[in-house]
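Participant: File target36.cif below, mmCIF, C-alpha atoms:
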data_structure
#
loop_
_atom_site.label_atom_id
_atom_site.label_comp_id
_atom_site.auth_asym_id
_atom_site.auth_seq_id
_atom_site.Cartn_x
_atom_site.Cartn_y
_atom_site.Cartn_z
CA MET A 283 -1.63 -1.06 23.33
CA LEU A 284 -3.02 2.48 23.45
CA ILE A 285 -0.54 3.50 20.73
CA ILE A 286 -1.64 0.58 18.55
CA LEU A 287 -5.31 1.34 19.08
CA THR A 288 -4.69 5.04 18.45
CA ALA A 289 -3.03 4.19 15.13
CA ILE A 290 -5.48 1.56 13.89
CA LEU A 291 -8.95 2.45 15.16
CA PRO A 292 -9.15 5.81 13.31
CA ILE A 293 -8.40 3.92 10.10
CA PHE A 294 -11.30 1.56 10.73
CA ALA A 295 -13.46 4.52 11.80
CA LEU A 296 -12.79 6.26 8.47
CA ILE A 297 -13.87 3.15 6.57
CA GLY A 298 -16.99 3.06 8.74
CA ALA A 299 -17.64 6.74 8.03
CA GLY A 300 -17.38 5.93 4.33
CA CYS A 301 -19.94 3.16 4.76
CA LEU A 302 -22.35 5.59 6.41
CA PHE A 303 -21.64 8.24 3.79
CA GLY A 304 -22.25 5.77 0.99
CA ARG A 305 -25.53 4.55 2.52
CA TRP A 306 -26.94 7.93 3.53
CA ARG A 307 -25.89 9.83 0.41
CA ARG A 308 -26.44 6.85 -1.90
CA VAL A 309 -23.09 7.26 -3.60
CA GLY A 310 -23.08 5.33 -6.86
CA PRO A 311 -20.23 3.91 -8.95
CA ALA A 312 -19.67 7.28 -10.67
CA GLY A 313 -19.26 9.08 -7.34
CA ILE A 314 -16.83 6.45 -6.06
CA ALA A 315 -14.85 6.68 -9.30
CA MET A 316 -14.57 10.45 -8.82
CA LEU A 317 -13.32 10.07 -5.23
CA ASN A 318 -10.83 7.46 -6.36
CA ASP A 319 -9.59 9.62 -9.25
CA PHE A 320 -8.95 12.50 -6.86
CA THR A 321 -6.88 10.24 -4.61
CA VAL A 322 -4.91 8.63 -7.44
CA TRP A 323 -4.27 11.71 -9.55
CA LEU A 324 -3.78 14.40 -6.91
CA ALA A 325 -3.62 13.42 -3.24
CA LEU A 326 -1.48 10.27 -3.31
CA PRO A 327 1.04 11.66 -5.85
CA ALA A 328 1.48 14.67 -3.57
CA LEU A 329 2.17 12.33 -0.63
CA LEU A 330 4.75 10.35 -2.63
CA PHE A 331 6.47 13.52 -3.81
CA ARG A 332 6.65 14.91 -0.30
CA VAL A 333 8.07 11.73 1.26
CA LEU A 334 10.91 11.55 -1.26
CA ALA A 335 11.56 15.28 -1.63
CA GLU A 336 11.77 15.94 2.13
CA GLY A 337 13.13 12.62 3.42
CA ASP A 338 16.34 12.31 5.47
CA TRP A 339 18.37 10.32 2.96
CA ALA A 340 21.30 9.75 5.33
CA GLU A 341 19.01 8.03 7.84
CA LEU A 342 17.26 6.13 5.04
CA ASN A 343 20.53 4.65 3.72
CA ARG A 344 20.10 1.13 5.17
CA PRO A 345 20.92 -1.34 2.35
CA SER A 346 20.50 -4.47 4.50
CA PHE A 347 17.07 -3.39 5.66
CA VAL A 348 16.04 -2.43 2.14
CA LEU A 349 17.22 -5.76 0.73
CA VAL A 350 15.50 -8.00 3.28
CA PHE A 351 12.31 -5.94 3.47
CA SER A 352 12.08 -5.93 -0.34
CA ALA A 353 12.58 -9.70 -0.35
CA GLY A 354 9.72 -10.09 2.14
CA LEU A 355 7.45 -8.05 -0.12
CA ALA A 356 8.57 -9.96 -3.22
CA ILE A 357 8.08 -13.43 -1.72
CA ILE A 358 4.47 -12.75 -0.82
CA PHE A 359 3.81 -10.95 -4.10
CA VAL A 360 5.06 -13.97 -6.08
CA ALA A 361 2.96 -16.28 -3.87
CA GLY A 362 -0.06 -14.12 -4.70
CA LEU A 363 0.72 -14.35 -8.42
CA LEU A 364 0.63 -18.14 -8.11
CA LEU A 365 -2.92 -18.13 -6.77
CA PRO A 366 -5.52 -19.03 -9.42
CA PRO A 367 -6.98 -15.99 -11.19
CA PRO A 368 -10.53 -14.94 -10.34
CA LYS A 369 -13.22 -16.93 -12.12
CA GLY A 370 -13.94 -15.63 -15.61
CA ALA A 371 -10.87 -13.39 -15.77
CA GLU A 372 -10.29 -12.26 -19.35
CA THR A 373 -6.79 -10.91 -18.66
CA PRO A 374 -5.27 -13.31 -16.10
CA LEU A 375 -2.03 -11.35 -15.62
CA VAL A 376 -3.96 -8.19 -14.72
CA ASP A 377 -6.16 -9.95 -12.18
CA ARG A 378 -3.33 -12.05 -10.75
CA SER A 379 -1.27 -8.87 -10.30
CA LEU A 380 -4.07 -7.18 -8.38
CA VAL A 381 -4.52 -10.26 -6.16
CA ALA A 382 -0.75 -10.38 -5.54
CA LEU A 383 -0.67 -6.68 -4.63
CA THR A 384 -3.61 -7.15 -2.26
CA ALA A 385 -1.80 -10.02 -0.52
CA SER A 386 1.54 -8.21 -0.12
CA TYR A 387 0.86 -4.46 0.20
CA PRO A 388 1.22 -3.35 3.86
CA ASN A 389 -0.29 -0.08 4.97
CA ALA A 390 3.17 1.21 5.82
CA GLY A 391 2.42 4.88 5.35
CA PHE A 392 -0.95 5.49 6.95
CA ILE A 393 -0.61 3.00 9.84
CA GLY A 394 3.03 1.92 9.87
CA ILE A 395 4.67 5.30 10.40
CA PRO A 396 2.75 6.34 13.55
CA LEU A 397 2.78 2.77 14.87
CA ALA A 398 6.52 2.10 14.41
CA GLN A 399 7.53 5.53 15.63
CA GLY A 400 5.39 5.23 18.73
CA LEU A 401 6.70 1.78 19.62
CA LEU A 402 10.35 1.98 18.53
CA GLY A 403 11.23 5.67 18.35
CA PRO A 404 13.57 7.09 15.66
CA ILE A 405 14.58 3.65 14.33
CA GLY A 406 10.93 2.70 13.94
CA LEU A 407 10.23 5.94 12.11
CA ALA A 408 13.15 5.43 9.72
CA ALA A 409 12.13 1.81 9.07
CA ALA A 410 8.52 2.81 8.37
CA VAL A 411 9.57 5.58 5.98
CA ILE A 412 11.78 3.12 4.07
CA GLY A 413 8.92 0.62 4.03
CA SER A 414 6.54 3.29 2.76
CA ILE A 415 8.86 4.22 -0.09
CA LEU A 416 9.34 0.58 -1.07
CA THR A 417 5.63 -0.25 -0.97
CA VAL A 418 3.98 2.91 -2.25
CA SER A 419 6.60 3.69 -4.90
CA VAL A 420 8.52 0.58 -5.97
CA GLN A 421 6.00 -2.20 -5.32
CA PHE A 422 3.09 -0.15 -6.63
CA ALA A 423 5.03 0.83 -9.77
CA LEU A 424 5.94 -2.81 -10.47
CA SER A 425 2.28 -3.79 -10.09
CA LEU A 426 1.32 -1.02 -12.49
CA LEU A 427 3.89 -2.38 -14.93
CA LEU A 428 2.43 -5.90 -14.77
CA VAL A 429 -1.11 -4.56 -15.19
CA GLU A 430 -0.09 -2.54 -18.23
CA ILE A 431 1.73 -5.55 -19.71
CA GLY A 432 -1.38 -7.65 -19.16
CA LEU A 433 -3.56 -5.07 -20.90
CA ALA A 434 -1.18 -4.59 -23.85
CA ARG A 435 -2.36 -7.70 -25.67
CA GLY A 436 -1.81 -8.09 -29.38
CA GLY A 437 0.80 -6.51 -31.56
CA SER A 438 4.53 -7.02 -31.45
CA LEU A 439 6.65 -7.09 -28.33
CA ARG A 440 8.03 -3.69 -29.30
CA GLU A 441 4.54 -2.21 -29.61
CA SER A 442 3.47 -3.70 -26.28
CA ALA A 443 6.60 -2.36 -24.55
CA GLY A 444 5.92 1.07 -26.04
CA LYS A 445 2.35 1.04 -24.72
CA VAL A 446 3.56 0.09 -21.25
CA ILE A 447 6.24 2.79 -21.18
CA ARG A 448 3.82 5.47 -22.40
CA ALA A 449 1.20 4.47 -19.84
CA LEU A 450 3.70 4.50 -16.97
CA SER A 451 5.19 7.82 -18.07
CA ARG A 452 1.74 9.40 -17.82
CA ASN A 453 0.88 7.83 -14.47
CA PRO A 454 1.24 10.29 -11.56
CA LEU A 455 1.90 7.46 -9.09
CA VAL A 456 5.11 6.72 -10.98
CA VAL A 457 6.10 10.24 -11.99
CA SER A 458 5.61 11.89 -8.59
CA PRO A 459 8.15 9.83 -6.57
CA ILE A 460 10.70 10.23 -9.37
CA ALA A 461 10.14 13.98 -9.27
CA GLY A 462 10.49 13.94 -5.48
CA GLY A 463 13.79 12.08 -5.68
CA LEU A 464 15.11 14.48 -8.31
CA TRP A 465 14.17 17.45 -6.13
CA ALA A 466 15.86 15.87 -3.11
CA ALA A 467 19.03 15.50 -5.20
CA THR A 468 19.21 19.30 -5.54
CA GLY A 469 19.60 19.66 -1.76
CA GLN A 470 17.20 22.59 -1.72
CA PRO A 471 14.09 22.83 0.48
CA LEU A 472 10.76 23.17 -1.24
CA PRO A 473 9.58 26.78 -1.61
CA GLU A 474 7.13 27.55 1.16
CA MET A 475 4.16 28.08 -1.14
CA ILE A 476 4.77 24.79 -2.99
CA ALA A 477 5.41 22.92 0.27
CA ARG A 478 2.11 24.15 1.69
CA PHE A 479 0.25 23.17 -1.46
CA VAL A 480 1.79 19.67 -1.44
CA ASP A 481 1.11 19.23 2.29
CA LEU A 482 -2.57 20.10 1.90
CA LEU A 483 -3.03 17.63 -0.93
CA ALA A 484 -0.99 14.89 0.78
CA ALA A 485 -3.06 15.19 3.95
CA ALA A 486 -6.18 14.30 1.95
CA ALA A 487 -4.79 11.01 0.58
CA SER A 488 -5.49 8.73 3.54
CA PRO A 489 -8.96 9.92 4.59
CA CYS A 490 -10.23 10.15 1.02
CA ALA A 491 -8.96 6.67 0.12
CA LEU A 492 -10.43 5.08 3.25
CA VAL A 493 -13.79 6.82 2.92
CA THR A 494 -13.91 5.68 -0.70
CA ILE A 495 -13.40 2.07 0.40
CA GLY A 496 -16.26 2.35 2.89
CA ALA A 497 -18.57 3.85 0.27
CA PHE A 498 -17.60 1.09 -2.16
CA LEU A 499 -18.66 -1.55 0.37
CA MET A 500 -22.15 -0.05 0.36
CA LEU A 501 -22.63 -0.46 -3.39
CA PRO A 502 -25.40 -2.85 -4.46
CA ARG A 503 -24.04 -6.34 -5.01
CA GLN A 504 -24.51 -6.24 -8.77
CA THR A 505 -22.22 -3.17 -9.04
CA GLY A 506 -19.21 -4.53 -7.26
CA GLY A 507 -20.14 -5.96 -3.89
CA GLY A 508 -20.59 -9.58 -5.03
CA GLU A 509 -20.34 -12.72 -2.99
CA PRO A 510 -17.09 -13.40 -1.14
CA THR A 511 -14.44 -14.77 -3.45
CA PRO A 512 -12.61 -18.06 -2.76
CA LEU A 513 -9.40 -16.00 -2.83
CA LEU A 514 -10.37 -14.08 0.32
CA VAL A 515 -8.97 -16.51 2.91
CA PRO A 516 -5.70 -17.32 1.06
CA THR A 517 -5.08 -13.62 0.50
CA LEU A 518 -5.65 -12.81 4.17
CA LEU A 519 -3.35 -15.64 5.27
CA LEU A 520 -0.58 -14.43 2.96
CA LYS A 521 -0.88 -10.89 4.27
CA LEU A 522 -1.34 -11.36 8.01
CA VAL A 523 0.57 -14.62 8.57
CA ALA A 524 3.04 -15.36 5.79
CA GLN A 525 4.38 -11.84 5.35
CA PRO A 526 5.42 -11.18 8.98
CA VAL A 527 6.91 -14.70 9.09
CA ALA A 528 8.93 -13.94 5.94
CA MET A 529 10.16 -10.66 7.46
CA ALA A 530 11.12 -12.38 10.72
CA ALA A 531 13.02 -15.12 8.86
CA GLY A 532 14.94 -12.54 6.87
CA PHE A 533 16.00 -10.39 9.80
CA PHE A 534 16.44 -12.91 12.59
CA TRP A 535 17.84 -15.85 10.57
CA LEU A 536 19.14 -14.83 7.13
CA LEU A 537 21.02 -11.66 8.09
CA PRO A 538 22.79 -13.26 11.10
CA ALA A 539 23.70 -16.24 8.89
CA LEU A 540 25.30 -13.80 6.45
CA GLY A 541 27.18 -12.07 9.25
CA VAL A 542 25.15 -8.85 8.96
CA VAL A 543 24.37 -7.21 12.28
CA LEU A 544 21.57 -4.68 12.70
CA PRO A 545 20.06 -3.37 15.94
CA PRO A 546 17.12 -5.65 16.83
CA GLN A 547 14.72 -2.72 16.56
CA TRP A 548 15.11 -2.84 12.77
CA GLY A 549 13.99 -6.47 12.69
CA ILE A 550 11.11 -5.81 15.06
CA ALA A 551 10.02 -2.89 12.89
CA ALA A 552 10.12 -5.09 9.78
CA VAL A 553 7.94 -7.77 11.41
CA LEU A 554 5.42 -5.18 12.59
CA LEU A 555 5.33 -3.58 9.14
CA GLY A 556 4.84 -6.99 7.54
CA ALA A 557 1.94 -7.69 9.90
CA LEU A 558 0.13 -4.47 8.95
CA PRO A 559 -3.22 -4.72 7.19
CA THR A 560 -3.43 -4.27 3.44
CA GLY A 561 -3.19 -0.64 2.37
CA THR A 562 -5.55 1.17 0.03
CA GLY A 563 -3.30 0.88 -3.05
CA PRO A 564 -4.80 -2.36 -4.48
CA PHE A 565 -8.32 -0.98 -4.19
CA MET A 566 -7.35 2.27 -5.91
CA LEU A 567 -5.53 0.40 -8.68
CA ALA A 568 -8.49 -1.93 -9.28
CA GLU A 569 -10.86 1.03 -9.47
CA LEU A 570 -8.48 2.97 -11.72
CA TYR A 571 -8.41 0.16 -14.29
CA GLY A 572 -12.08 -0.74 -13.98
CA ARG A 573 -11.44 -4.17 -12.43
CA ASP A 574 -13.48 -5.90 -9.74
CA ALA A 575 -12.38 -4.27 -6.48
CA ALA A 576 -14.48 -6.50 -4.20
CA LEU A 577 -11.54 -8.68 -3.11
CA ALA A 578 -9.30 -5.69 -2.35
CA SER A 579 -11.97 -3.87 -0.36
CA ARG A 580 -12.85 -6.93 1.73
CA VAL A 581 -9.21 -7.79 2.42
CA ILE A 582 -8.51 -4.19 3.48
CA LEU A 583 -11.50 -4.17 5.81
CA LEU A 584 -10.97 -7.62 7.35
CA SER A 585 -7.19 -7.33 7.64
CA THR A 586 -7.61 -3.99 9.39
CA ILE A 587 -10.00 -5.54 11.91
CA LEU A 588 -7.90 -8.67 12.48
CA SER A 589 -4.62 -6.75 12.71
CA VAL A 590 -5.84 -4.93 15.81
CA VAL A 591 -5.37 -8.22 17.69
CA SER A 592 -2.32 -9.53 15.83
CA LEU A 593 -0.35 -6.28 16.10
CA MET A 594 -1.09 -6.06 19.80
CA GLY A 595 0.21 -9.60 20.29
CA LEU A 596 3.38 -8.95 18.29
CA ALA A 597 4.02 -5.69 20.12
CA VAL A 598 3.73 -7.42 23.50
CA LEU A 599 6.05 -10.23 22.39
CA LEU A 600 8.71 -8.24 20.51
CA VAL A 601 8.90 -4.63 21.63
CA PRO A 602 11.37 -4.10 24.50
CA ARG A 603 9.83 -2.69 27.66
#
Show how you would write the structure in this file as C-alpha cells.

Facilitator:
Amino acid sequence: MLIILTAILPIFALIGAGCLFGRWRRVGPAGIAMLNDFTVWLALPALLFRVLAEGDWAELNRPSFVLVFSAGLAIIFVAGLLLPPPKGAETPLVDRSLVALTASYPNAGFIGIPLAQGLLGPIGLAAAVIGSILTVSVQFALSLLLVEIGLARGGSLRESAGKVIRALSRNPLVVSPIAGGLWAATGQPLPEMIARFVDLLAAAASPCALVTIGAFLMLPRQTGGGEPTPLLVPTLLLKLVAQPVAMAAGFFWLLPALGVVLPPQWGIAAVLLGALPTGTGPFMLAELYGRDAALASRVILLSTILSVVSLMGLAVLLVPR
C-alpha cells in the first residue's frame, strides 16, 4: 500500500500544485497553452525517444502480452468512439476520438512503471515499459491520425490523406518514437552529451503536464471549465472498470483457452496497468488542437483520486505475498 501511495499521491499533489499555481499566479489560457506546447513539442518527445532508444528489446519481446494488452486498449477505445459526441460538436470524429482516448489511455509511464516495478519486480517493469510504448506511442499516434482525418474535411480522399500524412510527419509525438526505434536498431548507446540533454527534457514531461492540468482546472468557467459533461461518468466507468476487466479476460481466460502460457505476473501487471487513471495525453491533445479539454481534465483528476482505492484493492487481491 505504501508503494501504491508513493506512486500515486505525488501525481495528485502535482495537479494540486498546478491548481494553486493557476489561482495564485492567475494563469490564463495563453499561459496554459505555452506550458502545454512545451510538454508536447519538447519534453514528451524526449521521453518517447529515450524509452525506445534505450529500451531492452530482448526483454520487451513478448508478443502474447503485446497482443492482449493492445486488444484491451482497442476494445475500450472503440467503446469510447461509440459514445455520443459532445453537444454541439462541429467535427464529431475529432471529438469522439478525444473522448475515446480519454476513456482508454492509462497513465502507464508516469504511474505504471514505478507501481508495477515496485509490486512485481522485473516482470512488472518490463510489462509497464511495453504498456508505455503501446499507449504513448501507438495509441496516441492512432488518435492523432483520427483527429487529423476528422479535421481534413473537404477535398478529395487523396488530398485529405496527404494532409493527414503531412501533419503526422511534422508531429514530434510521432517522429520521436520512430527516431528512438531507429537509433536502437544501430545498437549504439547515445552519446553522453545527447543522453544528458534528452534526460533533462524527459524529466520535465510529467511534472509540467500535471501542473498544466491543475492550472487548467482553475480557469474561469467560460474559458474551459464548464459544467460537468454527461460523458464524465461513462468515461470514468470505461477507464476504471471496463478496461481492467478487459485485460483480466484477455490474460486469464483468452490466453489459456488458446494454449498460451505466461507467468501470472504478466497478467497481474496488465490488470493493474488497465486500472490506472487516465494519463495526461488526452488533455495535451485537446489543448494542442484547440478543443474543449474540460472532460479530459476532469477524468484525469477524478480517475487519479478514485484509483488510489481501486489499485490498492487490486494489489491486495492479486499480487502474491

Participant: For Ser419 of chain A, which residue out of A:Leu520, A:Val590, A:Ala434, A:Val456 is the nearest one, using only C-alpha atoms?

Facilitator: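 The closest residue to Ser419 of chain A is A:Val456.
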
Participant: Calculate how many Å separate atom CA of Ser379 of chain A from atom CA of Val429 of chain A, rounding to one decimal.

Facilitator: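 So the two atoms, atom CA of Ser379 of chain A and atom CA of Val429 of chain A, lie 6.5 Å apart.
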
Participant: I would like the residues chosen by the PyMOL selection byres ((chain A and resi 356) around 12) on the shown file; could you give them as a compact mmCIF listing (two decimals) with C-alpha atoms, keeping the file's coordinate frame?

Facilitator:
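Here's the written file result.txt:
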# COMPACT_ATOMS: atom_id res chain seq x y z
CA VAL A 348 16.04 -2.43 2.14
CA LEU A 349 17.22 -5.76 0.73
CA VAL A 350 15.50 -8.00 3.28
CA PHE A 351 12.31 -5.94 3.47
CA SER A 352 12.08 -5.93 -0.34
CA ALA A 353 12.58 -9.70 -0.35
CA GLY A 354 9.72 -10.09 2.14
CA LEU A 355 7.45 -8.05 -0.12
CA ILE A 357 8.08 -13.43 -1.72
CA ILE A 358 4.47 -12.75 -0.82
CA PHE A 359 3.81 -10.95 -4.10
CA VAL A 360 5.06 -13.97 -6.08
CA ALA A 361 2.96 -16.28 -3.87
CA GLY A 362 -0.06 -14.12 -4.70
CA LEU A 363 0.72 -14.35 -8.42
CA ALA A 382 -0.75 -10.38 -5.54
CA LEU A 383 -0.67 -6.68 -4.63
CA ALA A 385 -1.80 -10.02 -0.52
CA SER A 386 1.54 -8.21 -0.12
CA TYR A 387 0.86 -4.46 0.20
CA LEU A 416 9.34 0.58 -1.07
CA THR A 417 5.63 -0.25 -0.97
CA VAL A 420 8.52 0.58 -5.97
CA GLN A 421 6.00 -2.20 -5.32
CA PHE A 422 3.09 -0.15 -6.63
CA LEU A 424 5.94 -2.81 -10.47
CA SER A 425 2.28 -3.79 -10.09
CA LEU A 520 -0.58 -14.43 2.96
CA ALA A 524 3.04 -15.36 5.79
CA GLN A 525 4.38 -11.84 5.35
CA ALA A 528 8.93 -13.94 5.94
CA MET A 529 10.16 -10.66 7.46
CA GLY A 556 4.84 -6.99 7.54

Participant: List, as a ChimeraX atom specification, every residue that the PyMOL selection byres ((chain A and resi 320-334) around 9) selects in the file provided.

Facilitator: /A:315-319,335-339,411,414-415,418-419,453-466,477,479-488,490-491,566-567,570

Participant: Can you pull out the residues contacting segment 400-402 of chain A? Cut-off 9 Å, using all atoms listed in the file, and skip same-chain residues under 2 positions away; I want them as an MDAnalysis selection string.

Facilitator: chainID A and resid 285:286 395:398 404:407 547:548 550:551 597 601:602

Participant: Just to confirm, what's the straight-line distance from atom CA of Ala467 of chain A to atom CA of Ala408 of chain A in Å (one decimal)?

Facilitator: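 Here the two named atoms are 18.9 Å from each other.
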
Participant: Just to confirm, what's the straight-line distance from atom CA of Cys301 of chain A to atom CA of Ala410 of chain A in Å (one decimal)?

Facilitator: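 Interatomic distance here is 28.7 Å.
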
Participant: Can you pull out every residue within 9 Å of Leu302 of chain A, counting only C-alpha atoms, but drop anything in the same chain fewer than 4 positions away, and send it as an MDAnalysis selection string?

Facilitator: chainID A and resid 297:298 306:307 496:497 500

Participant: Just checking: using only C-alpha atoms, which residue out of A:Glu569, A:Pro367, A:Gly394, A:Ile587 ends up closest to Ile495 of chain A?

Facilitator: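 Ranking A:Glu569, A:Pro367, A:Gly394, A:Ile587 by distance to Ile495 of chain A, first place goes to A:Glu569.
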
Participant: Using all atoms listed in the file for the distances, tell me which of A:Thr517, A:Pro559, A:Leu577, A:Phe347 is nearest to Ala289 of chain A.

Facilitator: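 Nearest to Ala289 of chain A: A:Pro559.
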
Participant: Calculated over all atoms listed in the file, which of the candidates A:Ala530, A:Ala578, A:Ala539, A:Leu501 has the smallest distance to Leu513 of chain A?

Facilitator: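 Nearest to Leu513 of chain A: A:Ala578.
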
Participant: Nearest to Leu518 of chain A among A:Ser579, A:Asn389, A:Thr494, A:Thr384, with distances taken over only C-alpha atoms: which residue is it?

Facilitator: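 Checking each candidate against Leu518 of chain A, we get A:Thr384 as the closest.
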
Participant: Check the smallest atom-to-atom distance from each of A:Ala390, A:Leu519, A:Leu514, A:Ala575 to Pro366 of chain A using all atoms listed in the file, then report the winner.

Facilitator: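 Going through A:Ala390, A:Leu519, A:Leu514, A:Ala575 one by one, the smallest distance to Pro366 of chain A is for A:Leu514.
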
Participant: Using the chain letters and numbers from the file, which residues does the PyMOL selection byres ((chain A and resi 585) around 9) grab, as a PyMOL selection string?

Facilitator: chain A and resi 518+521-522+558-560+580-584+586-590

Participant: Would you mind completing segment 318-333 of chain A to N, CA and C atoms and writing the output as an mmCIF file, in the frame of the given file?

Facilitator:
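What follows is the written file result_2.cif:
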data_model
loop_
_atom_site.group_PDB
_atom_site.id
_atom_site.type_symbol
_atom_site.label_atom_id
_atom_site.label_comp_id
_atom_site.auth_asym_id
_atom_site.auth_seq_id
_atom_site.Cartn_x
_atom_site.Cartn_y
_atom_site.Cartn_z
ATOM 1 N N ASN A 318 -12.046 8.216 -6.114
ATOM 2 C CA ASN A 318 -10.830 7.460 -6.360
ATOM 3 C C ASN A 318 -9.882 8.212 -7.286
ATOM 4 N N ASP A 319 -10.432 8.857 -8.319
ATOM 5 C CA ASP A 319 -9.590 9.620 -9.250
ATOM 6 C C ASP A 319 -8.887 10.768 -8.530
ATOM 7 N N PHE A 320 -9.598 11.427 -7.614
ATOM 8 C CA PHE A 320 -8.950 12.500 -6.860
ATOM 9 C C PHE A 320 -7.772 11.971 -6.058
ATOM 10 N N THR A 321 -7.965 10.820 -5.421
ATOM 11 C CA THR A 321 -6.880 10.240 -4.610
ATOM 12 C C THR A 321 -5.700 9.842 -5.481
ATOM 13 N N VAL A 322 -5.982 9.175 -6.604
ATOM 14 C CA VAL A 322 -4.910 8.630 -7.440
ATOM 15 C C VAL A 322 -4.172 9.713 -8.208
ATOM 16 N N TRP A 323 -4.886 10.726 -8.669
ATOM 17 C CA TRP A 323 -4.270 11.710 -9.550
ATOM 18 C C TRP A 323 -3.752 12.949 -8.833
ATOM 19 N N LEU A 324 -4.221 13.193 -7.609
ATOM 20 C CA LEU A 324 -3.780 14.400 -6.910
ATOM 21 C C LEU A 324 -3.206 14.106 -5.519
ATOM 22 N N ALA A 325 -4.006 13.515 -4.640
ATOM 23 C CA ALA A 325 -3.620 13.420 -3.240
ATOM 24 C C ALA A 325 -2.445 12.461 -3.018
ATOM 25 N N LEU A 326 -2.549 11.237 -3.531
ATOM 26 C CA LEU A 326 -1.480 10.270 -3.310
ATOM 27 C C LEU A 326 -0.174 10.660 -4.015
ATOM 28 N N PRO A 327 -0.204 11.166 -5.259
ATOM 29 C CA PRO A 327 1.040 11.660 -5.850
ATOM 30 C C PRO A 327 1.709 12.758 -5.019
ATOM 31 N N ALA A 328 0.901 13.630 -4.415
ATOM 32 C CA ALA A 328 1.480 14.670 -3.570
ATOM 33 C C ALA A 328 2.170 14.057 -2.356
ATOM 34 N N LEU A 329 1.562 13.010 -1.779
ATOM 35 C CA LEU A 329 2.170 12.330 -0.630
ATOM 36 C C LEU A 329 3.498 11.676 -1.029
ATOM 37 N N LEU A 330 3.526 10.997 -2.168
ATOM 38 C CA LEU A 330 4.750 10.350 -2.630
ATOM 39 C C LEU A 330 5.851 11.381 -2.899
ATOM 40 N N PHE A 331 5.486 12.468 -3.527
ATOM 41 C CA PHE A 331 6.470 13.520 -3.810
ATOM 42 C C PHE A 331 7.049 14.076 -2.529
ATOM 43 N N ARG A 332 6.185 14.324 -1.547
ATOM 44 C CA ARG A 332 6.650 14.910 -0.300
ATOM 45 C C ARG A 332 7.586 13.976 0.451
ATOM 46 N N VAL A 333 7.231 12.682 0.516
ATOM 47 C CA VAL A 333 8.070 11.730 1.260
ATOM 48 C C VAL A 333 9.479 11.683 0.688
#
